[in-house]
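Down below is the structure, laid out as C-alpha cells.
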Amino acid sequence: MSDSAHPAIHPAPTTFIRKWVFSTDHKIIGIQYYFLALIAVFTGLALSVLMRLRLAWPTESWPWLETIFPVGFEGGVMSPEFYLAMLTMHGTIMVFFVLTTAPQGGFGNYFLPIQIGAHDMAFPVLNMLSFWVTFLSMGVMFAAFFVAGGAPISGWTAYAPLSALGEVAGPGLGSGQDLWIISIALFCIASLLGALNFITTVLNMRAKGMSLMKMPLTVWTWFTTAILALLSFPVLLAAGILLLLDRLGGTSFFIPAGLVVSDTVIESSGGSPILWQHLFWFFGHPEVYIAILPGMGVASQLLSTFARKPIFGYHAMVVAVFAIGMLGFFVWGHHMFVSGLSPFSALVFSILTLAIGVPSAIKTFNWLGTLWGGKIRFTTAMLFAIGFVSLFVSGGITGLFLGQTSVDVQLHDTYFPVAHFHMIMGVAAIFGIFGATYYWFPKMFGRMLHEGLGKLHFWLTFIGVNAIFIPMHLMGIMGQLRRYAESTEFKFMEPLQPYQEFVTIAALVTAAAQLLFLVNFCWGMFKGKKAGENPWEATTLEWITASPPPHDNFGGRELVVNHAAYEYGVPGAPRDYVMQTDPPLETTK
Amino acid sequence: MADARVENTGLQAWGGGTLPYSVSHIKLGMWLFIVSDALTFSALLFGYSYVRIATPDWPTPFHFWPTVVFATLMTAVLLSSSLTMVLAVNAAQRGDRKWTIRWILWTAFFGTAFIVLHGMEWMGLMNQGMTLTGNPWGSPLFGATFFGITGMHMFHVFTGVVYLLAIAGGVARKRFHSEHVEVCGLYWHFVDLVWMFVFPLVYLLSVDMGA
C-alpha cells in the first residue's frame with residue numbers, strides 16, 4: 001500500500017462486468033446500493049399496504065390476493081400469522097435494506113470521497129465486497145418468504161424466546177427465522193467492513209486544505225454514522241451467533257427454564273430472554289441514529305445551499321452530531337422499561353435519553369437560524385429538507401414522552417411508539433433520502449429531475465405521512481395496541497376502527513404518490529434536461545467536476561481546498577457563493 | 001474564519017493532503033477492524049457474565065489438574081507465538097526476507113499447536129460429558145458459554161493461521177512488504193490479547209476452590 005495520502009488510482013475498467021457489476025468504483029457501488037434500496041423500499045411499502053388493508057377492513061375478502069399468497073390469504077383474508085410475517089419483513093427490510101443502505105451505502109459511498117476530494121474509497125475491493133455481501137444478505141432475507149412456514153413472525157427485533165424456539169412457537173419460526181438470522185449476520189459483516197472503509201477514507205484521504213472543520217456536514221454525519229456502525233453491528237453479530245446456537249446447537253442462552261409453548265414443554269432451560277433485549281438494543285438504538293444522522297447532514301447541506309446562507313453554527317452542528325451519536329450508545333434501556341428493568345437503571349436511561357433532546361434542539365434551532373433571512377429557493381430538494389426538519393421535530397418531540405418511564409409504561413406497545421418511530425426514523429430519514437435524491441440526481445445521472453412532478457410528489461407525501469401518523473399517535477393514547485392484525489374483537493379498540501380506515505386511505509394515497517417519484521426517476525434518467533456541472537450553484541467539491549464525474553472523480557486534477565463548506569453570500573465575493581476550491585478572498589483575511 | 005483557528009493551533013497534520021496519524025490505509029483499517037471485533041468478543045463476554053450472574057446453580061468444575069495446567073500451557077504457547085510475531089515484524093523491517101518467513105512460520109506453528117492443544121482439551125471435557133447443550137455439574141449454559149466463547153476464539157486463531165500463511169507466501173513471492181507483516185501482526189496480537197481475557201474469565205473463574 002502506498003504511503004501517500006493519494007495512492008495511485010486503479011485504472012478505469014473496460015469490460016461490462018468490471019464496470020457495472022463487480023465494480024470497485026465507489027460511484028458505481030453507491031448507485032448499486034441505491035438501486036438495492038429502491039427495490040427494498042417498494043417491497044417494504046407493498047407489505048405495509050397489505051397490512052393496512054387488513055387493519056381497516058378486517059372482514060373484507062380479497063380473492064385475488066389468495067391467488068398470490070395461497071398460504072397467508074386463505075379465503076381471501078390475511079391470517080393473523082401472515083400479518084405478523086408481513087410486519088416482521090416490513091420492519092426488517094425497511095430498517096436494514098433501506099434506512100441503513102440508501103443514506104450510507106448509497107449516497108455516502110457516492111459522495112463522501114468526492115466531497116473530501118478523494119479519488120475513491122481507501123479500500124475499493126473491500127467496498128465492492130461490502131456491497132455484494134449486502135446483496136447476498138438481501139437475497140437470503142427475501143428467501144425467507146419462500147421456505148416452508150414462510151417468513152418469521154418475531155418482529156424486526158426478533159425477540160427471544162419466540163425467535164429462539166423454532167417451529168413449535170409458530171409458522172415462519174423454523175427455516176424462515178434461520179434465514180433471517182443468517183441474513184442479518186451477513187448484513188452486520190458487510191456494514192462493519194463498509195464502516196471501517198468510510199472512517200479510513202475520511203481520516204486519511206482528504207484533499208490538501210480539507211481540514212476536518214472544512215468538511216461538509218454530510219461528511220461529518222457519514223463519518224459519525226460509520227463509527228456507530230463499526231461499534232454496534234459487531235454486537236448484533238455476536239447476538240445473532242448466540243441466537244443461531246440456541247436454534248441449531250441446542251443451547252439456551254435466551255430460553256428460560258420451565259417454558260411451555262403450545263402445550264409443549266421446552267427442553268432447554270436456564271437462559272434469559274432479557275439478555276437478547278440488552279444485546280439487541282445495544283445495537284438497535286445506535287441503529288436508529290445510523291438511519292437518521294445522514295438525513296441530518298443532507299438537511300444541513302440543502303438548507304444552506306438553497307437559503308443561500310452559510311449553515312448557522314457549523315461547529316455546534318458537528319458537536320451535536322457527535323453528541324447524538326455517542327449518547328446513542330447509553331440509552332438502549334429505554335426500549336426495555338417494561339421488561340422488569342430495575343427502576344434505578346430505568347431512571348439513568350431515562351435521563352440520558354432526555355439529554356439527547358439538547359443536541360437535537362441545537363440542530364433544529366441551527367436549521368431555523370439558517371433559514372432565517374435567507375434568499376430561499378424552493379426547489380423540490382429544499383422542500384424535502386424543510387420537510388425533514390418538520391418531521392424531525394414532530395417525530396422527535398414524542399421521544400420526550402416515551403423517554404419518561406412513567407409515561408412509557410402507559411404508552412408501551414400501543415400505536416404511539418409506532419407513530420413516533422415511523423415519523424422520525426422512518427419518514428424523516430426517507431425525506432432525507434428523497435431530498436438527497438432530488439439534489440444529487442443531476443450529479444449522479446447528468447440529468448435533472450422534473451421539478452413540477454417533484455413538488456407534487458413532495459406535497460402529496462408530506463400531507464400523506466402526517467395524515468397517516470398523527471392519527472396513530474391519538475389511537476395510541478386511546479389504547480390501540482400494536483402488532484394485532486384485528487382489533488375489532490376487543491371492545492375498547494372497536495370505536496377506533498374509523499381511525500384505522502382513515503389511516504389506511506391516507507396510506508394508499510401516499511403509497512400511490514410514490515409512483516410519481518418512480519416515473520420522475522425513470523423519466524429523468526433518460527429524458528431529463530441535461531445538468532451542468534453545478535446546477536444548484538453549490539459550494540462543495542462534487543460540484544466542481546463533470547456530471548456524472550469521471551472515473552477518478554476530478555479528471556486528474558489535484559485539489560487545494562481554501563474555503564469552508566458553506567460560504568454563501570460572502571461580502572466581497574464575485575458571486576453569491578464561494579466554491580471550496582476557489583482562490584482565497586482578500587477581503588476575508 | 002473557522003479554518004484560521006485550526007491552522008494557528010498547529011494542527012497541520014489534520015489539514016488534509018497528509019496522513020494525520022502517519023499510518024497507511026491498511027494499518028488504520030486493521031485497527032478499526034480490531035476495535036469492531038473487540039466489541040464482538042465484549043458482547044459474548046457480557047452475555048457470559050449476564051447468564052452466569054442470573055444462574056443460581058452455575059458450576060465451577062475445573063481443577064488445577066488437568067484444566068488449569070493445560071490452559072496455562074496453551075497460554076504459554078500463544079504468548080510464544082506473539083514473541084515470534086514480533087521477531088517476524090522486526091526481521092521484515094530489517095528487510096531480512098529469510099528470517100521474516102521463518103518467524104512467521106514459527107508463529108503459525110505455535111498457533112496450530114494452540115489449536116491442537118485446545119482440541120485435545122475439548123475432547124477431554126466432552127469425554128466427561130460436557131457438551132454445548134449440557135454437562136454433569138449444573139446449568140447447561142456452562143458448556144454453552146464455554147464452547148461458544150472458546151470456539152469463537154479458536155475460529156479467530158484458525159483464520160489467523162491462514163492469514164499468516166498467506167502473508168508468508170506473499171513475502172516469499174516478494175508481493176508483500178514489511179507493512180503487510182506488521183498489520184498481520186496487529187491481528188495476531190489482538191487474538192492473543194482476547195485469550196488473556198478468556199483465560200481468567202472462562203477458566204480461572206470456573207475452578208473449584210473446594211469451598
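Labeling convention for the C-alpha cells: chains A, B, ... as they appear, residues from 1 per chain, ligands from 1 in order of appearance.
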Non-local contacts of segment 510-518 of chain A (7 Å; only C-alpha atoms; under 4 positions in same chain excluded) as an NGL selection string: :A and (453-454 or 457 or 460-461 or 464-465 or 506 or 522)
Preceding selection exported with C-alpha atoms as a compact mmCIF listing (two decimals), in the first residue's frame:
```txt
# COMPACT_ATOMS: atom_id res chain seq x y z
CA LEU A 453 -43.65 16.48 -10.68
CA GLY A 454 -41.20 16.57 -7.78
CA HIS A 457 -44.66 14.29 -5.06
CA LEU A 460 -48.73 14.52 -1.50
CA THR A 461 -46.10 12.71 0.54
CA GLY A 464 -49.92 11.96 3.39
CA VAL A 465 -47.44 10.94 6.07
CA ALA A 506 -54.13 8.06 3.67
CA CYS A 522 -37.12 6.83 -14.81
```
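Every chain A residue lying within 6 Å of chain B, based on only C-alpha atoms, is listed here: Asp3, Ala5, Leu196, Asn204, Arg206, Ala207, Lys208, Gly209, Met210, Ser211, Leu230, Leu231, Pro234, Val235, Ala238, Gly250 and Thr251 of chain A.
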Point-to-point distance from atom CA of Gly155 of chain A to atom CA of Phe147 of chain B, Å rounded to tenths: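 Computing it gives 29.0 Å between the two atoms.
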Ile115 of chain B environment, 8 Å, only C-alpha atoms, sequence neighbours closer than 4 positions dropped, as a list in words: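 Close residues of Ile115 of chain B: Gly111, Gly119, Met154, Val157 and Phe158 of chain B.
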Which of segment 62-203 of chain B fall in helix (DSSP H, G or I), as a PyMOL selection string: chain B and resi 64-94+97-127+141-172+178-203
